>>> print(open('final28.cif').read())   # mmCIF, C-alpha atoms and all ligand atoms
data_target
loop_
_atom_site.label_atom_id
_atom_site.label_comp_id
_atom_site.auth_asym_id
_atom_site.auth_seq_id
_atom_site.Cartn_x
_atom_site.Cartn_y
_atom_site.Cartn_z
CA MET P 1 -5.31 -14.67 -6.77
CA ALA P 2 -4.64 -10.91 -6.58
CA LYS P 3 -6.54 -8.88 -3.97
CA VAL P 4 -7.82 -5.32 -4.04
CA ALA P 5 -6.87 -2.90 -1.27
CA PRO P 6 -9.27 0.07 -1.38
CA SER P 7 -7.48 3.32 -0.54
CA ILE P 8 -9.53 5.52 1.77
CA LEU P 9 -7.86 8.61 0.34
CA SER P 10 -10.71 8.74 -2.18
CA ALA P 11 -13.45 8.04 0.37
CA ASN P 12 -15.91 10.62 1.64
CA PHE P 13 -14.38 11.80 4.91
CA ASN P 14 -17.79 12.94 6.19
CA ASN P 15 -18.53 9.39 7.12
CA LEU P 16 -15.39 7.35 7.01
CA ILE P 17 -16.62 4.29 8.89
CA GLU P 18 -19.61 3.85 6.54
CA GLU P 19 -17.30 4.38 3.59
CA ILE P 20 -14.97 1.67 4.85
CA LYS P 21 -17.91 -0.68 5.40
CA SER P 22 -18.90 -0.13 1.77
CA VAL P 23 -15.67 -1.89 0.72
CA ASP P 24 -15.30 -4.39 3.54
CA ASN P 25 -15.47 -7.43 1.29
CA ALA P 26 -11.86 -6.55 0.46
CA LYS P 27 -9.19 -8.29 2.52
CA TYR P 28 -7.01 -5.18 2.89
CA LEU P 29 -7.76 -1.56 3.73
CA HIS P 30 -5.10 0.84 2.42
CA ILE P 31 -4.46 3.87 4.60
CA ASP P 32 -2.38 6.69 3.09
CA VAL P 33 -0.46 8.73 5.62
CA MET P 34 1.14 11.96 4.33
CA ASP P 35 3.04 14.54 6.34
CA GLY P 36 3.43 17.49 3.99
CA LYS P 37 7.20 16.91 4.04
CA PHE P 38 7.92 13.71 2.17
CA VAL P 39 4.98 14.49 -0.10
CA PRO P 40 3.22 17.81 -0.78
CA ASN P 41 -0.02 16.81 0.94
CA ILE P 42 -1.25 16.05 4.47
CA THR P 43 -3.80 13.34 5.27
CA ILE P 44 -4.61 11.42 8.43
CA GLY P 45 -2.63 10.09 11.35
CA PRO P 46 -3.03 7.54 14.14
CA LEU P 47 -5.61 9.60 16.04
CA VAL P 48 -8.06 9.13 13.20
CA MET P 49 -6.99 5.62 12.34
CA LYS P 50 -7.54 4.25 15.83
CA HIS P 51 -11.29 4.77 15.43
CA PHE P 52 -11.29 2.21 12.61
CA LYS P 53 -10.12 -0.47 15.01
CA ASP P 54 -13.34 -0.38 17.06
CA GLU P 55 -15.61 -0.63 14.03
CA ILE P 56 -13.77 -2.63 11.40
CA HIS P 57 -12.68 -6.09 12.45
CA ASN P 58 -12.34 -8.13 9.31
CA MET P 59 -9.83 -6.15 7.26
CA VAL P 60 -6.05 -6.14 7.24
CA MET P 61 -4.92 -2.57 7.99
CA ASP P 62 -2.32 -1.75 5.35
CA VAL P 63 -0.63 1.52 6.32
CA HIS P 64 1.36 3.38 3.65
CA LEU P 65 3.62 5.90 5.36
CA MET P 66 4.56 8.74 3.02
CA ILE P 67 6.32 10.54 5.82
CA ALA P 68 9.84 11.77 6.51
CA ASP P 69 10.38 9.94 9.81
CA PRO P 70 8.70 6.51 9.69
CA VAL P 71 10.63 5.04 12.65
CA LYS P 72 9.43 7.79 14.97
CA TYR P 73 5.74 7.34 14.17
CA ALA P 74 5.46 3.61 13.41
CA PRO P 75 4.68 2.69 17.06
CA ASP P 76 1.69 5.06 17.04
CA PHE P 77 0.33 3.35 13.94
CA LYS P 78 0.86 -0.07 15.49
CA ASP P 79 -1.17 1.09 18.51
CA ALA P 80 -3.83 2.43 16.16
CA GLY P 81 -4.30 -1.03 14.63
CA ALA P 82 -1.82 -1.31 11.74
CA ASP P 83 -1.13 -4.85 10.53
CA ILE P 84 1.30 -3.84 7.78
CA ILE P 85 3.50 -0.74 7.94
CA THR P 86 5.17 0.33 4.70
CA PHE P 87 7.77 3.08 4.57
CA HIS P 88 9.45 4.80 1.62
CA TYR P 89 12.98 3.86 0.69
CA GLU P 90 13.56 7.49 -0.35
CA ALA P 91 12.46 8.83 3.05
CA VAL P 92 15.18 7.22 5.16
CA LYS P 93 18.98 7.30 5.31
CA PHE P 94 19.32 3.63 6.14
CA ALA P 95 16.62 1.23 5.07
CA GLU P 96 17.81 -1.87 6.91
CA PRO P 97 17.65 -0.45 10.45
CA THR P 98 14.26 1.03 9.56
CA ILE P 99 13.04 -2.46 8.66
CA GLU P 100 14.43 -3.84 11.93
CA GLU P 101 12.75 -1.11 14.01
CA ILE P 102 9.37 -1.67 12.41
CA LYS P 103 9.71 -5.46 12.77
CA LYS P 104 10.22 -5.03 16.52
CA LEU P 105 6.64 -3.76 16.70
CA GLU P 106 5.42 -7.19 15.57
CA VAL P 107 3.75 -5.93 12.45
CA LYS P 108 4.50 -6.85 8.86
CA VAL P 109 6.95 -4.48 7.24
CA GLY P 110 6.85 -3.15 3.70
CA VAL P 111 9.18 -0.97 1.66
CA SER P 112 8.02 1.28 -1.17
CA ILE P 113 9.68 3.06 -4.08
CA LYS P 114 8.51 6.02 -6.12
CA PRO P 115 8.14 5.75 -9.93
CA LEU P 116 11.58 7.21 -10.71
CA THR P 117 13.50 5.09 -8.19
CA ASP P 118 15.42 2.15 -9.64
CA ILE P 119 14.15 -1.25 -8.50
CA ASN P 120 17.70 -2.47 -7.87
CA VAL P 121 18.07 -0.24 -4.81
CA LEU P 122 15.89 -2.84 -3.07
CA ASP P 123 18.04 -5.87 -3.95
CA ASP P 124 19.65 -6.22 -0.52
CA LEU P 125 16.35 -5.72 1.27
CA LEU P 126 14.19 -8.25 -0.53
CA ASP P 127 14.92 -11.07 1.90
CA LYS P 128 14.05 -8.85 4.87
CA VAL P 129 10.61 -7.44 4.03
CA ASP P 130 7.09 -8.87 4.02
CA LEU P 131 5.87 -6.59 1.25
CA VAL P 132 7.21 -4.43 -1.57
CA LEU P 133 5.00 -1.55 -2.71
CA ILE P 134 5.59 -0.27 -6.21
CA MET P 135 4.26 3.25 -6.74
CA SER P 136 2.70 3.60 -10.17
CA VAL P 137 2.06 7.34 -9.66
CA GLU P 138 4.04 10.04 -7.85
CA PRO P 139 2.91 9.69 -4.23
CA GLY P 140 0.79 12.49 -2.82
CA PHE P 141 -2.57 12.45 -4.54
CA GLY P 142 -5.28 10.10 -5.77
CA GLY P 143 -6.75 10.16 -9.25
CA GLN P 144 -3.52 10.20 -11.27
CA GLU P 145 -2.69 8.15 -14.35
CA PHE P 146 -0.87 4.80 -14.11
CA ILE P 147 2.84 4.94 -15.05
CA PRO P 148 3.56 1.79 -17.11
CA SER P 149 7.18 1.38 -15.97
CA ALA P 150 5.71 -0.05 -12.75
CA LEU P 151 4.97 -3.22 -14.71
CA ASP P 152 8.66 -3.99 -15.26
CA LYS P 153 9.30 -3.55 -11.55
CA ILE P 154 6.49 -5.96 -10.72
CA ARG P 155 7.88 -8.50 -13.18
CA TYR P 156 11.35 -8.11 -11.68
CA LEU P 157 10.00 -8.73 -8.17
CA ALA P 158 7.90 -11.70 -9.25
CA LYS P 159 10.93 -13.29 -10.94
CA ALA P 160 13.29 -12.61 -8.01
CA ARG P 161 10.77 -14.20 -5.67
CA ILE P 162 10.77 -17.40 -7.69
CA ASP P 163 14.51 -17.45 -8.42
CA LYS P 164 15.63 -16.70 -4.88
CA GLY P 165 12.78 -18.10 -2.82
CA TYR P 166 11.78 -14.73 -1.29
CA LYS P 167 8.48 -14.45 0.52
CA TYR P 168 7.31 -10.83 0.11
CA LEU P 169 3.96 -9.78 -1.29
CA ILE P 170 4.01 -7.46 -4.30
CA GLU P 171 1.68 -4.46 -4.10
CA VAL P 172 1.05 -1.72 -6.66
CA ASP P 173 -0.45 1.69 -5.91
CA GLY P 174 -1.76 4.44 -8.18
CA GLY P 175 -3.93 4.71 -11.28
CA ILE P 176 -5.45 1.25 -10.90
CA ASN P 177 -8.60 0.56 -12.92
CA LYS P 178 -9.92 -2.54 -14.65
CA GLU P 179 -7.35 -2.38 -17.46
CA THR P 180 -4.26 -1.48 -15.45
CA ALA P 181 -5.27 -4.04 -12.81
CA LYS P 182 -5.24 -6.72 -15.48
CA GLU P 183 -1.77 -5.71 -16.64
CA CYS P 184 -0.43 -5.72 -13.08
CA ILE P 185 -1.97 -9.13 -12.40
CA GLU P 186 -0.35 -10.50 -15.55
CA ALA P 187 2.97 -9.06 -14.36
CA GLY P 188 2.62 -10.93 -11.05
CA VAL P 189 1.16 -8.50 -8.51
CA ASP P 190 -0.56 -9.74 -5.30
CA ILE P 191 -2.26 -6.58 -4.02
CA LEU P 192 -3.82 -3.79 -6.11
CA VAL P 193 -4.36 -0.54 -4.26
CA ALA P 194 -7.29 1.32 -5.80
CA GLY P 195 -8.71 4.62 -4.61
CA SER P 196 -10.71 6.73 -7.03
CA TYR P 197 -11.71 3.80 -9.25
CA ILE P 198 -13.40 1.99 -6.36
CA PHE P 199 -14.84 4.94 -4.47
CA LYS P 200 -16.44 6.62 -7.50
CA SER P 201 -18.44 3.45 -8.16
CA ASN P 202 -22.01 2.96 -6.87
CA ASN P 203 -21.41 -0.73 -6.50
CA ARG P 204 -18.03 -0.92 -4.85
CA LYS P 205 -18.23 -4.46 -3.54
CA ALA P 206 -19.16 -5.85 -6.94
CA LEU P 207 -16.33 -3.92 -8.56
CA ILE P 208 -13.82 -5.34 -6.09
CA GLU P 209 -15.07 -8.84 -6.84
CA GLU P 210 -14.96 -8.21 -10.56
CA ILE P 211 -11.31 -7.13 -10.44
CA GLU P 212 -10.36 -10.05 -8.21
CA ASN P 213 -12.17 -12.62 -10.32
CA ASP P 214 -10.56 -11.38 -13.50
CA ASN P 215 -7.33 -13.23 -12.72
C1 LIG O 1 -1.09 8.15 -3.63
C2 LIG O 1 -1.61 7.08 -2.70
C3 LIG O 1 -2.55 6.13 -3.32
C4 LIG O 1 -3.83 6.75 -3.85
C5 LIG O 1 -4.25 5.97 -5.05
O1 LIG O 1 0.01 8.77 -3.07
O2 LIG O 1 -0.53 6.32 -2.17
O3 LIG O 1 -2.86 5.07 -2.43
O4 LIG O 1 -4.87 6.79 -2.93
O5 LIG O 1 -5.31 6.61 -5.66
P1 LIG O 1 -5.84 6.21 -7.11
O6 LIG O 1 -6.22 4.76 -7.06
O7 LIG O 1 -6.98 7.12 -7.32
O8 LIG O 1 -4.69 6.45 -8.05
ZN ZN O 2 -0.95 4.46 -0.99
#
>>> encode(input="final28.cif", output="structure tokens")
Amino acid sequence: MAKVAPSILSANFNNLIEEIKSVDNAKYLHIDVMDGKFVPNITIGPLVMKHFKDEIHNMVMDVHLMIADPVKYAPDFKDAGADIITFHYEAVKFAEPTIEEIKKLEVKVGVSIKPLTDINVLDDLLDKVDLVLIMSVEPGFGGQEFIPSALDKIRYLAKARIDKGYKYLIEVDGGINKETAKECIEAGVDILVAGSYIFKSNNRKALIEEIENDN
């Protein structure tokens, strides 16, 4: 059954802990880290994230690094409580050593691709990662529209996992709502990152359940 990962990018930053608690029936919490270099926006870093660790105990911390130097900063995110650290294929020169470095931190490692990046660039990495994150919007901002070509990438990953016996989770991020969630679930996704759709709701927990039960 697919799971929702609320993205705190769309939360009210006046009271982040309460905002996170309002979605804590979800298994995963998605944390978007942007550096103003890899993407044209800046969000939060480990100094903010480490406060979550003291207050939130029942969620898997899913960290999405949209930054130019993931290897340099991954240890800080591990210390701040990350359970999964995902980097962008486009951000690094060599993806394989990046995977190895992140694995050394004893966290799960994910690799992500932007909407215009061909899925086949990941072929040699699929047996080495715990998660593949398919971007269904250009990374940088919440509230954008879902790009349907993400569905073919999800199908490709779901098929490769069966054919080759790979173990990664398939995650999709951007423009997820009830309809696009359904399409992604049909395509074979495991984790649906949802920001604005969840946080604009007055009944966030029910909405998460609704999406998850619609499988
Ligand atoms: C965009 C981020 C997403 C974003 C999704 O770069 O990676 O996680 O928060 O927001 P929505 O669900 O509003 O498209
Ligand atoms: Zn994200």
>>> closest_atom_pairs(input="final28.cif", of="chain P", to="ligand ZN 2 (chain O)", cutoff="9 Å", atoms="all atoms listed in the file", output="Markdown table")
| residue | atom | partner | partner_atom | distance |
| --- | --- | --- | --- | --- |
| P:Ser7 | CA | O:ZN2 | ZN | 6.6 |
| P:Leu9 | CA | O:ZN2 | ZN | 8.2 |
| P:His30 | CA | O:ZN2 | ZN | 6.5 |
| P:Ile31 | CA | O:ZN2 | ZN | 6.6 |
| P:Asp32 | CA | O:ZN2 | ZN | 4.9 |
| P:Val33 | CA | O:ZN2 | ZN | 7.9 |
| P:Asp62 | CA | O:ZN2 | ZN | 9.0 |
| P:Val63 | CA | O:ZN2 | ZN | 7.9 |
| P:His64 | CA | O:ZN2 | ZN | 5.3 |
| P:Leu65 | CA | O:ZN2 | ZN | 8.0 |
| P:Met66 | CA | O:ZN2 | ZN | 8.0 |
| P:Leu133 | CA | O:ZN2 | ZN | 8.6 |
| P:Met135 | CA | O:ZN2 | ZN | 7.9 |
| P:Pro139 | CA | O:ZN2 | ZN | 7.3 |
| P:Gly140 | CA | O:ZN2 | ZN | 8.4 |
| P:Phe141 | CA | O:ZN2 | ZN | 8.9 |
| P:Gly142 | CA | O:ZN2 | ZN | 8.6 |
| P:Val172 | CA | O:ZN2 | ZN | 8.6 |
| P:Asp173 | CA | O:ZN2 | ZN | 5.7 |
| P:Gly174 | CA | O:ZN2 | ZN | 7.2 |
| P:Val193 | CA | O:ZN2 | ZN | 6.9 |
| P:Ala194 | CA | O:ZN2 | ZN | 8.6 |
| P:Gly195 | CA | O:ZN2 | ZN | 8.6 |
>>> residues_around(input="final28.cif", residues="Leu207 of chain P", least_positions_apart="2", cutoff="10 Å", atoms="all atoms listed in the file", output="JSON, numbers by chain")
{"P": [4, 23, 177, 178, 197, 198, 199, 201, 202, 203, 204, 205, 209, 210, 211, 212, 213]}
>>> residues_around(input="final28.cif", residues="Asp69 of chain P", least_positions_apart="4", cutoff="12 Å", atoms="all atoms listed in the file", output="PyMOL selection string")
chain P and resi 33-38+65+73-75+87-95+98+102
>>> axis_aligned_box(input="final28.cif", around="ligand LIG 1 (chain O)", padding_each_side="8 Å", output="lines of an AutoDock Vina configuration file")
center_x = -3.5
center_y = 6.8
center_z = -5.1
size_x = 23.0
size_y = 20.0
size_z = 21.9
>>> closest_residue(input="final28.cif", among="P:Ala68, P:Ile84, P:Ile119, P:Val48", to="Leu29 of chain P", atoms="only C-alpha atoms")
P:Ile84
>>> atom_distance(input="final28.cif", atom1="atom CA of Tyr168 of chain P", atom2="atom CA of His57 of chain P")
24.0 Å
>>> closest_residue(input="final28.cif", among="P:Glu101, P:Glu18, P:Asn25, P:Gly175", to="Lys72 of chain P", atoms="all atoms listed in the file")
P:Glu101
>>> closest_residue(input="final28.cif", among="P:Leu192, P:Ile99, P:Ala206, P:Ala2", to="ligand LIG 1 (chain O)", atoms="all atoms listed in the file")
P:Leu192
>>> atom_distance(input="final28.cif", atom1="atom CA of Leu131 of chain P", atom2="atom CA of Lys167 of chain P")
8.3 Å
>>> closest_residue(input="final28.cif", among="P:Ala160, P:Leu16, P:Ile42, P:Met49", to="ligand LIG 1 (chain O)", atoms="all atoms listed in the file")
P:Ile42
>>> closest_residue(input="final28.cif", among="P:Asn12, P:Thr86, P:Asn41, P:Gln144", to="Pro70 of chain P", atoms="all atoms listed in the file")
P:Thr86
>>> closest_residue(input="final28.cif", among="P:Asn14, P:Ser112, P:Thr117, P:Ser149", to="ligand LIG 1 (chain O)", atoms="all atoms listed in the file")
P:Ser112
>>> atom_distance(input="final28.cif", atom1="atom CA of Lys3 of chain P", atom2="atom CA of Asp190 of chain P")
6.2 Å
>>> residues_near_point(input="final28.cif", point="(-7.7, -2.5, 4.6)", cutoff="7 Å", atoms="only C-alpha atoms", output="tab-separated table (two decimals) with C-alpha atoms, in the frame of the given file")
chain	number	residue	atom	x	y	z
P	5	ALA	CA	-6.87	-2.90	-1.27
P	6	PRO	CA	-9.27	0.07	-1.38
P	27	LYS	CA	-9.19	-8.29	2.52
P	28	TYR	CA	-7.01	-5.18	2.89
P	29	LEU	CA	-7.76	-1.56	3.73
P	30	HIS	CA	-5.10	0.84	2.42
P	59	MET	CA	-9.83	-6.15	7.26
P	60	VAL	CA	-6.05	-6.14	7.24
P	61	MET	CA	-4.92	-2.57	7.99
P	62	ASP	CA	-2.32	-1.75	5.35
